[in-house]
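For reference, the structure discussed in these notes is given below.
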Protein chains: 2
Amino acid sequence: MAQRIRLAKRVVAESDRLAKALSDRFNRAGVFVANLMSSPGAGKTTLLEETARRLQGELRLAAIEGDLATDRDARRLRAAGLPCRQINTGGGCHLSARQVLDAVRDLDLGALDVLFIENVGNLVCPAEFDLGEHRRVVVSSTPEGDDKPVKYPIAFHHADCVVLNKIDLLAATDFSLEAYRRFVRGLRPRLPILELSCRTGEGVEAWIDWVRVQRRAVAGKTASA
Amino acid sequence: MAQRIRLAKRVVAESDRLAKALSDRFNRAGVFVANLMSSPGAGKTTLLEETARRLQGELRLAAIEGDLATDRDARRLRAAGLPCRQINTGGGCHLSARQVLDAVRDLDLGALDVLFIENVGNLVCPAEFDLGEHRRVVVSSTPEGDDKPVKYPIAFHHADCVVLNKIDLLAATDFSLEAYRRFVRGLRPRLPILELSCRTGEGVEAWIDWVRVQRRAVAGKTASA
């Protein structure tokens, strides 16, 4: 047991060292980096497709796509005009700092304004791994049910913003907006909750504004550093 | 690295040993055990509520509920008449054989016909851990999108049955039944796919029949052993 704990500590220390290296690279390049987490199928890729369409010509965007298998999401993002690197974890349940370091090695980060990291669809494990990002975004969706914040508290605890997607399905589900907001506020009283539908476009502009504002805040900080 | 691999092998061997102990206990008691896995919010708990209502008086059922936090699901199952033990993993991304062994220690398994294990909502990690179950069930839901079988192949690869829930939302989503079936068949040509809606009740009877048939098959085998 003691041996297991020592080894686990060494693995965590190595992961933190690599995350710090990533964070340094991102800050030197002045690129704003957001790490997106959610259950499978909550709509991370659809949100990024919509984001690419709306910010095209205004900000220089790119994405890193994490999936167990296939390059389906990367192809969707490229089709939406978003340059993208696919990472296949081969069964791994989250992206690691090592994988992201490898993926950005030959990327010209200085030529980017925003880099999105779309993590593996998993509301548990990705929350434990720092990828050097500036902001963490948790994407929920109404068909998952309104109690996910209390049942998966770690992801929400570390989030800088919560996107609640698929509000077009509110009437077709038993989801209570009031309960969801209460559960999120119970964990994090001031966490922004952006309620939207990528399908209808309702509410998406508030998300785009959040990206703009966060990016400016980070750019101002890294420029003056 | 060699040390890490040796240690990982030891942890896996220990986990397999405990799963074998569970399997022996289940077989001695003659109880049919199904391990349910899905993304968060696909509808495992709702499916079990519905199962309890329909099999009440016919089969003696119980459940083990795995969640990171809260006893919300256990309370829902008890309200539906299903005796239930809650396991809180405290952040852990899957149920372990050790946790299930502790949960069944003072359960009279011989007085049960069927034990459902509802795993942590996670389409990745639970697939790697044997809990001594007779059958594995993967629950999908239409709002997650039709491509989950190819994006999360490990869970489907090890499944004995796939339940596709929330077919009442088909018209409100971009989900293609044909694509979903093709993706599942591409991985596992003969895997049963039960399409249903716990909300409307459509298709649920086929699931109940699946439980009856599997339970009889296992009871016949353990009785003759």
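By convention here, the chains of the structure tokens are called A, B, ... in the order presented, each chain's residues are numbered starting at 1, and ligands are numbered starting at 1 in the order presented.
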Taking only residues of chain A that have an atom at most 6 Å from an atom of chain B, what is each one's shortest atom pair and its distance in Å to one decimal, using only C-alpha atoms, in chain and number order, as CSV?
residue,atom,partner,partner_atom,distance
A:Gly41,CA,B:Glu144,CA,3.9
A:Ala69,CA,B:Lys151,CA,5.3
A:Cys93,CA,B:Val124,CA,5.9
A:Val124,CA,B:Cys93,CA,5.9
A:Glu144,CA,B:Gly41,CA,3.9
A:Gly145,CA,B:Gly41,CA,5.9
A:Lys151,CA,B:Ala69,CA,5.3
When DSSP is applied to the backbone of this structure, which of segment 12-172 of chain A are assigned strand (DSSP E)? Write them out as a ChimeraX atom specification. /A:32-38,61-67,84-88,114-118,135-141,161-165
For the residues selected in the previous step, produce a file with N, CA and C atoms as a short mmCIF file (atom, residue, chain, number, x, y, z; two decimals), in the first residue's frame.
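Final file, part-v7.cif:
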data_model
loop_
_atom_site.label_atom_id
_atom_site.label_comp_id
_atom_site.auth_asym_id
_atom_site.auth_seq_id
_atom_site.Cartn_x
_atom_site.Cartn_y
_atom_site.Cartn_z
N PHE A 32 -5.55 32.05 -25.42
CA PHE A 32 -6.51 31.68 -24.39
C PHE A 32 -6.93 30.23 -24.59
N VAL A 33 -6.86 29.44 -23.52
CA VAL A 33 -7.14 28.00 -23.64
C VAL A 33 -8.29 27.60 -22.71
N ALA A 34 -9.32 26.98 -23.29
CA ALA A 34 -10.46 26.50 -22.51
C ALA A 34 -10.55 24.98 -22.65
N ASN A 35 -10.75 24.31 -21.53
CA ASN A 35 -10.85 22.85 -21.46
C ASN A 35 -12.32 22.48 -21.25
N LEU A 36 -12.93 21.82 -22.23
CA LEU A 36 -14.36 21.50 -22.18
C LEU A 36 -14.58 20.06 -21.73
N MET A 37 -15.44 19.90 -20.72
CA MET A 37 -15.76 18.57 -20.18
C MET A 37 -17.26 18.36 -20.16
N SER A 38 -17.67 17.11 -20.34
CA SER A 38 -19.09 16.78 -20.24
C SER A 38 -19.29 15.28 -20.30
N LEU A 61 -9.01 30.62 -34.16
CA LEU A 61 -9.35 29.50 -33.28
C LEU A 61 -8.69 28.21 -33.74
N ALA A 62 -8.48 27.30 -32.80
CA ALA A 62 -8.11 25.92 -33.12
C ALA A 62 -8.62 25.04 -31.98
N ALA A 63 -8.61 23.72 -32.23
CA ALA A 63 -9.11 22.80 -31.20
C ALA A 63 -8.26 21.55 -31.13
N ILE A 64 -8.27 20.97 -29.94
CA ILE A 64 -7.72 19.63 -29.74
C ILE A 64 -8.88 18.74 -29.32
N GLU A 65 -9.03 17.63 -30.03
CA GLU A 65 -10.17 16.74 -29.83
C GLU A 65 -9.74 15.46 -29.12
N GLY A 66 -10.32 15.19 -27.96
CA GLY A 66 -9.99 13.95 -27.26
C GLY A 66 -11.11 12.94 -27.38
N ASP A 67 -10.78 11.74 -27.85
CA ASP A 67 -11.76 10.66 -27.97
C ASP A 67 -11.06 9.33 -27.74
N CYS A 84 -7.94 21.49 -36.31
CA CYS A 84 -8.14 20.57 -35.20
C CYS A 84 -7.11 19.44 -35.19
N ARG A 85 -6.61 19.11 -34.01
CA ARG A 85 -5.77 17.92 -33.81
C ARG A 85 -6.59 16.89 -33.05
N GLN A 86 -6.64 15.68 -33.58
CA GLN A 86 -7.36 14.60 -32.88
C GLN A 86 -6.39 13.82 -32.01
N ILE A 87 -6.76 13.61 -30.75
CA ILE A 87 -6.03 12.68 -29.89
C ILE A 87 -6.93 11.48 -29.63
N ASN A 88 -6.48 10.29 -29.98
CA ASN A 88 -7.21 9.08 -29.61
C ASN A 88 -6.53 8.48 -28.40
N VAL A 114 -7.49 31.66 -29.58
CA VAL A 114 -8.19 30.75 -28.67
C VAL A 114 -7.92 29.30 -29.07
N LEU A 115 -7.59 28.48 -28.09
CA LEU A 115 -7.46 27.03 -28.31
C LEU A 115 -8.46 26.33 -27.42
N PHE A 116 -9.37 25.56 -28.03
CA PHE A 116 -10.32 24.77 -27.25
C PHE A 116 -9.77 23.35 -27.11
N ILE A 117 -9.82 22.82 -25.91
CA ILE A 117 -9.48 21.42 -25.71
C ILE A 117 -10.79 20.70 -25.40
N GLU A 118 -11.23 19.84 -26.31
CA GLU A 118 -12.45 19.06 -26.04
C GLU A 118 -12.03 17.74 -25.42
N ARG A 135 -9.27 28.27 -18.46
CA ARG A 135 -10.64 28.14 -17.96
C ARG A 135 -11.15 26.73 -18.22
N ARG A 136 -12.00 26.27 -17.29
CA ARG A 136 -12.67 24.99 -17.47
C ARG A 136 -14.15 25.22 -17.70
N VAL A 137 -14.68 24.53 -18.68
CA VAL A 137 -16.10 24.66 -19.00
C VAL A 137 -16.75 23.29 -18.86
N VAL A 138 -17.81 23.20 -18.07
CA VAL A 138 -18.60 21.97 -17.99
C VAL A 138 -19.85 22.16 -18.83
N VAL A 139 -20.08 21.24 -19.76
CA VAL A 139 -21.29 21.29 -20.58
C VAL A 139 -22.28 20.25 -20.06
N SER A 140 -23.45 20.70 -19.63
CA SER A 140 -24.56 19.82 -19.26
C SER A 140 -25.56 19.82 -20.40
N SER A 141 -26.50 18.90 -20.37
CA SER A 141 -27.60 18.96 -21.34
C SER A 141 -28.88 18.50 -20.65
N CYS A 161 -17.20 27.92 -15.73
CA CYS A 161 -18.42 28.27 -16.45
C CYS A 161 -19.18 26.98 -16.71
N VAL A 162 -20.50 27.03 -16.59
CA VAL A 162 -21.33 25.89 -16.93
C VAL A 162 -22.21 26.26 -18.11
N VAL A 163 -22.18 25.43 -19.14
CA VAL A 163 -23.09 25.61 -20.27
C VAL A 163 -24.19 24.55 -20.12
N LEU A 164 -25.43 24.98 -20.12
CA LEU A 164 -26.54 24.02 -20.13
C LEU A 164 -27.11 24.00 -21.54
N ASN A 165 -26.82 22.93 -22.26
CA ASN A 165 -27.21 22.80 -23.67
C ASN A 165 -28.56 22.08 -23.80
#
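Each of B:Leu77, B:Gly30, B:Thr46, B:Pro126 was checked against Thr200 of chain B using only C-alpha atoms; the smallest atom-to-atom distance is that of B:Thr46.
Non-sequential neighbours of Val218 of chain A (distance at most 12 Å, separation of 5 or more positions within a chain, only C-alpha atoms) are A:Ser23, A:Phe26, A:Asn27, A:Arg28, A:Ala29, A:Gly30, A:Val31, A:Phe32, A:Val33, A:Ala34, A:Asp113, A:Val114, A:Glu133, A:His134, A:Arg135, A:Val211, A:Arg212, A:Val213, A:Ala223, A:Ser224, A:Ala225.
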Kindly save the residues from that selection, with all heavy atoms included, as a compact mmCIF listing (two decimals), in the first residue's frame.
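And here is the file that came out, part_29.txt:
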# COMPACT_ATOMS: atom_id res chain seq x y z
N SER A 23 0.94 25.22 -19.43
CA SER A 23 0.48 26.54 -19.03
C SER A 23 1.49 27.61 -19.43
O SER A 23 1.13 28.67 -19.96
CB SER A 23 0.23 26.54 -17.52
OG SER A 23 0.08 27.84 -17.04
N PHE A 26 1.31 28.14 -23.21
CA PHE A 26 0.10 28.90 -23.57
C PHE A 26 0.28 30.39 -23.25
O PHE A 26 -0.08 31.26 -24.05
CB PHE A 26 -1.13 28.35 -22.84
CG PHE A 26 -1.49 26.92 -23.22
CD1 PHE A 26 -2.12 26.08 -22.30
CD2 PHE A 26 -1.22 26.42 -24.49
CE1 PHE A 26 -2.47 24.78 -22.64
CE2 PHE A 26 -1.56 25.11 -24.84
CZ PHE A 26 -2.19 24.29 -23.91
N ASN A 27 0.83 30.68 -22.08
CA ASN A 27 0.98 32.07 -21.67
C ASN A 27 2.03 32.81 -22.51
O ASN A 27 1.86 33.98 -22.85
CB ASN A 27 1.32 32.16 -20.18
CG ASN A 27 0.11 31.86 -19.32
OD1 ASN A 27 -1.03 32.09 -19.75
ND2 ASN A 27 0.34 31.33 -18.13
N ARG A 28 3.12 32.13 -22.83
CA ARG A 28 4.14 32.76 -23.69
C ARG A 28 3.54 33.11 -25.05
O ARG A 28 3.83 34.16 -25.62
CB ARG A 28 5.32 31.81 -23.89
CG ARG A 28 6.42 31.96 -22.84
CD ARG A 28 7.75 31.35 -23.31
NE ARG A 28 7.61 29.99 -23.81
CZ ARG A 28 7.66 28.89 -23.06
NH1 ARG A 28 7.85 29.01 -21.75
NH2 ARG A 28 7.53 27.69 -23.59
N ALA A 29 2.69 32.22 -25.56
CA ALA A 29 2.09 32.44 -26.88
C ALA A 29 0.94 33.44 -26.83
O ALA A 29 0.51 33.96 -27.86
CB ALA A 29 1.59 31.11 -27.44
N GLY A 30 0.44 33.71 -25.60
CA GLY A 30 -0.70 34.64 -25.47
C GLY A 30 -2.00 34.07 -26.01
O GLY A 30 -2.88 34.82 -26.43
N VAL A 31 -2.13 32.76 -26.00
CA VAL A 31 -3.36 32.14 -26.50
C VAL A 31 -4.25 31.75 -25.31
O VAL A 31 -3.77 31.23 -24.30
CB VAL A 31 -3.04 30.90 -27.37
CG1 VAL A 31 -2.22 29.85 -26.63
CG2 VAL A 31 -4.32 30.26 -27.93
N PHE A 32 -5.55 32.05 -25.42
CA PHE A 32 -6.51 31.68 -24.39
C PHE A 32 -6.93 30.23 -24.59
O PHE A 32 -7.31 29.84 -25.69
CB PHE A 32 -7.74 32.61 -24.47
CG PHE A 32 -8.90 32.12 -23.65
CD1 PHE A 32 -8.79 31.94 -22.27
CD2 PHE A 32 -10.13 31.83 -24.25
CE1 PHE A 32 -9.87 31.49 -21.51
CE2 PHE A 32 -11.21 31.39 -23.50
CZ PHE A 32 -11.08 31.21 -22.13
N VAL A 33 -6.86 29.44 -23.52
CA VAL A 33 -7.14 28.00 -23.64
C VAL A 33 -8.29 27.60 -22.71
O VAL A 33 -8.24 27.85 -21.50
CB VAL A 33 -5.88 27.17 -23.31
CG1 VAL A 33 -6.18 25.67 -23.45
CG2 VAL A 33 -4.73 27.56 -24.24
N ALA A 34 -9.32 26.98 -23.29
CA ALA A 34 -10.46 26.50 -22.51
C ALA A 34 -10.55 24.98 -22.65
O ALA A 34 -10.46 24.44 -23.76
CB ALA A 34 -11.75 27.15 -23.01
N ASP A 113 -5.65 32.89 -31.26
CA ASP A 113 -6.23 33.66 -30.15
C ASP A 113 -6.85 32.74 -29.10
O ASP A 113 -6.78 33.02 -27.91
CB ASP A 113 -7.32 34.60 -30.69
CG ASP A 113 -6.75 35.63 -31.64
OD1 ASP A 113 -5.73 36.26 -31.28
OD2 ASP A 113 -7.29 35.79 -32.75
N VAL A 114 -7.49 31.66 -29.58
CA VAL A 114 -8.19 30.75 -28.67
C VAL A 114 -7.92 29.30 -29.07
O VAL A 114 -8.00 28.96 -30.25
CB VAL A 114 -9.72 30.99 -28.70
CG1 VAL A 114 -10.42 30.06 -27.68
CG2 VAL A 114 -10.08 32.44 -28.43
N GLU A 133 -4.83 24.67 -18.87
CA GLU A 133 -5.85 25.57 -19.42
C GLU A 133 -6.06 26.80 -18.54
O GLU A 133 -5.77 26.76 -17.34
CB GLU A 133 -7.19 24.83 -19.56
CG GLU A 133 -7.89 24.49 -18.24
CD GLU A 133 -7.47 23.14 -17.65
OE1 GLU A 133 -6.53 22.52 -18.20
OE2 GLU A 133 -8.08 22.73 -16.66
N HIS A 134 -6.61 27.89 -19.14
CA HIS A 134 -6.98 29.07 -18.36
C HIS A 134 -8.36 28.93 -17.73
O HIS A 134 -8.60 29.45 -16.64
CB HIS A 134 -6.96 30.33 -19.24
CG HIS A 134 -5.62 30.62 -19.82
ND1 HIS A 134 -5.30 30.34 -21.12
CD2 HIS A 134 -4.50 31.13 -19.24
CE1 HIS A 134 -4.04 30.70 -21.34
NE2 HIS A 134 -3.53 31.17 -20.22
N ARG A 135 -9.27 28.27 -18.46
CA ARG A 135 -10.64 28.14 -17.96
C ARG A 135 -11.15 26.73 -18.22
O ARG A 135 -10.81 26.12 -19.23
CB ARG A 135 -11.58 29.12 -18.67
CG ARG A 135 -11.25 30.58 -18.50
CD ARG A 135 -11.53 31.10 -17.09
NE ARG A 135 -11.30 32.55 -17.04
CZ ARG A 135 -10.12 33.12 -16.76
NH1 ARG A 135 -9.05 32.37 -16.50
NH2 ARG A 135 -10.01 34.43 -16.74
N VAL A 211 -16.65 33.74 -24.16
CA VAL A 211 -15.35 33.41 -24.76
C VAL A 211 -14.56 34.69 -25.04
O VAL A 211 -13.37 34.80 -24.70
CB VAL A 211 -15.52 32.59 -26.07
CG1 VAL A 211 -14.17 32.40 -26.77
CG2 VAL A 211 -16.17 31.24 -25.78
N ARG A 212 -15.24 35.67 -25.63
CA ARG A 212 -14.57 36.94 -25.95
C ARG A 212 -13.99 37.59 -24.68
O ARG A 212 -12.84 38.02 -24.65
CB ARG A 212 -15.57 37.93 -26.57
CG ARG A 212 -15.97 37.64 -28.00
CD ARG A 212 -16.78 38.83 -28.55
NE ARG A 212 -17.28 38.55 -29.88
CZ ARG A 212 -18.57 38.33 -30.18
NH1 ARG A 212 -19.50 38.36 -29.22
NH2 ARG A 212 -18.96 38.09 -31.41
N VAL A 213 -14.81 37.67 -23.64
CA VAL A 213 -14.42 38.36 -22.41
C VAL A 213 -13.26 37.62 -21.72
O VAL A 213 -12.28 38.24 -21.29
CB VAL A 213 -15.63 38.48 -21.45
CG1 VAL A 213 -15.19 38.93 -20.06
CG2 VAL A 213 -16.66 39.44 -22.02
N ALA A 223 -0.02 39.51 -21.65
CA ALA A 223 0.73 40.57 -22.32
C ALA A 223 1.51 41.39 -21.32
O ALA A 223 2.65 41.79 -21.56
CB ALA A 223 -0.23 41.46 -23.12
N SER A 224 0.89 41.65 -20.14
CA SER A 224 1.54 42.48 -19.14
C SER A 224 2.54 41.69 -18.29
O SER A 224 3.25 42.27 -17.49
CB SER A 224 0.47 43.12 -18.24
OG SER A 224 -0.18 42.12 -17.48
N ALA A 225 2.54 40.36 -18.47
CA ALA A 225 3.41 39.51 -17.63
C ALA A 225 4.88 39.63 -18.05
O ALA A 225 5.18 39.97 -19.18
CB ALA A 225 2.96 38.06 -17.72
Name the residues in contact with Tyr180 of chain B at a cut-off of 8 Å, using only C-alpha atoms, excluding same-chain residues fewer than 3 positions from it; report them as a PyMOL selection string. chain B and resi 146-147+149+175-177+183-184
Serialized selection, C-alpha atoms, as a PDB file, in the first residue's frame:
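Below you can see out-v1.pdb, which holds the result:
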ATOM      1  CA  ASP B 146     -26.153   7.778 -32.616  1.00  0.00           C
ATOM      2  CA  ASP B 147     -22.350   7.537 -32.831  1.00  0.00           C
ATOM      3  CA  PRO B 149     -20.969   2.870 -30.017  1.00  0.00           C
ATOM      4  CA  PHE B 175     -30.520  10.630 -33.840  1.00  0.00           C
ATOM      5  CA  SER B 176     -30.630   8.040 -36.639  1.00  0.00           C
ATOM      6  CA  LEU B 177     -31.863   4.619 -35.509  1.00  0.00           C
ATOM      7  CA  PHE B 183     -22.626   1.114 -35.440  1.00  0.00           C
ATOM      8  CA  VAL B 184     -23.587  -1.488 -32.819  1.00  0.00           C
TER       9      VAL B 184
END
What's around segment 19-21 of chain B at 6 Å? Count only C-alpha atoms, leave out sequence neighbours fewer than 5 positions away in its own chain, and write the answer as a PyMOL selection string. chain B and resi 97+130-132
Dump C-alpha atoms for the selected residues as an mmCIF file, in the first residue's frame?
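And here's again_31.cif as it stands now:
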data_model
loop_
_atom_site.group_PDB
_atom_site.id
_atom_site.type_symbol
_atom_site.label_atom_id
_atom_site.label_comp_id
_atom_site.auth_asym_id
_atom_site.auth_seq_id
_atom_site.Cartn_x
_atom_site.Cartn_y
_atom_site.Cartn_z
ATOM 1 C CA ALA B 97 -15.386 -5.615 -6.814
ATOM 2 C CA ASP B 130 -15.555 -7.204 -13.672
ATOM 3 C CA LEU B 131 -17.967 -7.249 -10.710
ATOM 4 C CA GLY B 132 -18.732 -10.962 -10.914
#
For Gly57 of chain B, please output as a ChimeraX atom specification all residues within 12 Å (counting only C-alpha atoms; exclusion window: fewer than 4 positions along the same chain). /B:51-53,61,81-82,113
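Across the structure, atom CA of Gln99 of chain B and atom CA of Leu95 of chain A are spaced 26.7 Å apart.
Residue nearest Asp102 of chain A within the list A:Leu22, A:Glu50, A:Glu178, A:Lys221: A:Leu22 [criterion: smallest interatomic distance, only C-alpha atoms].
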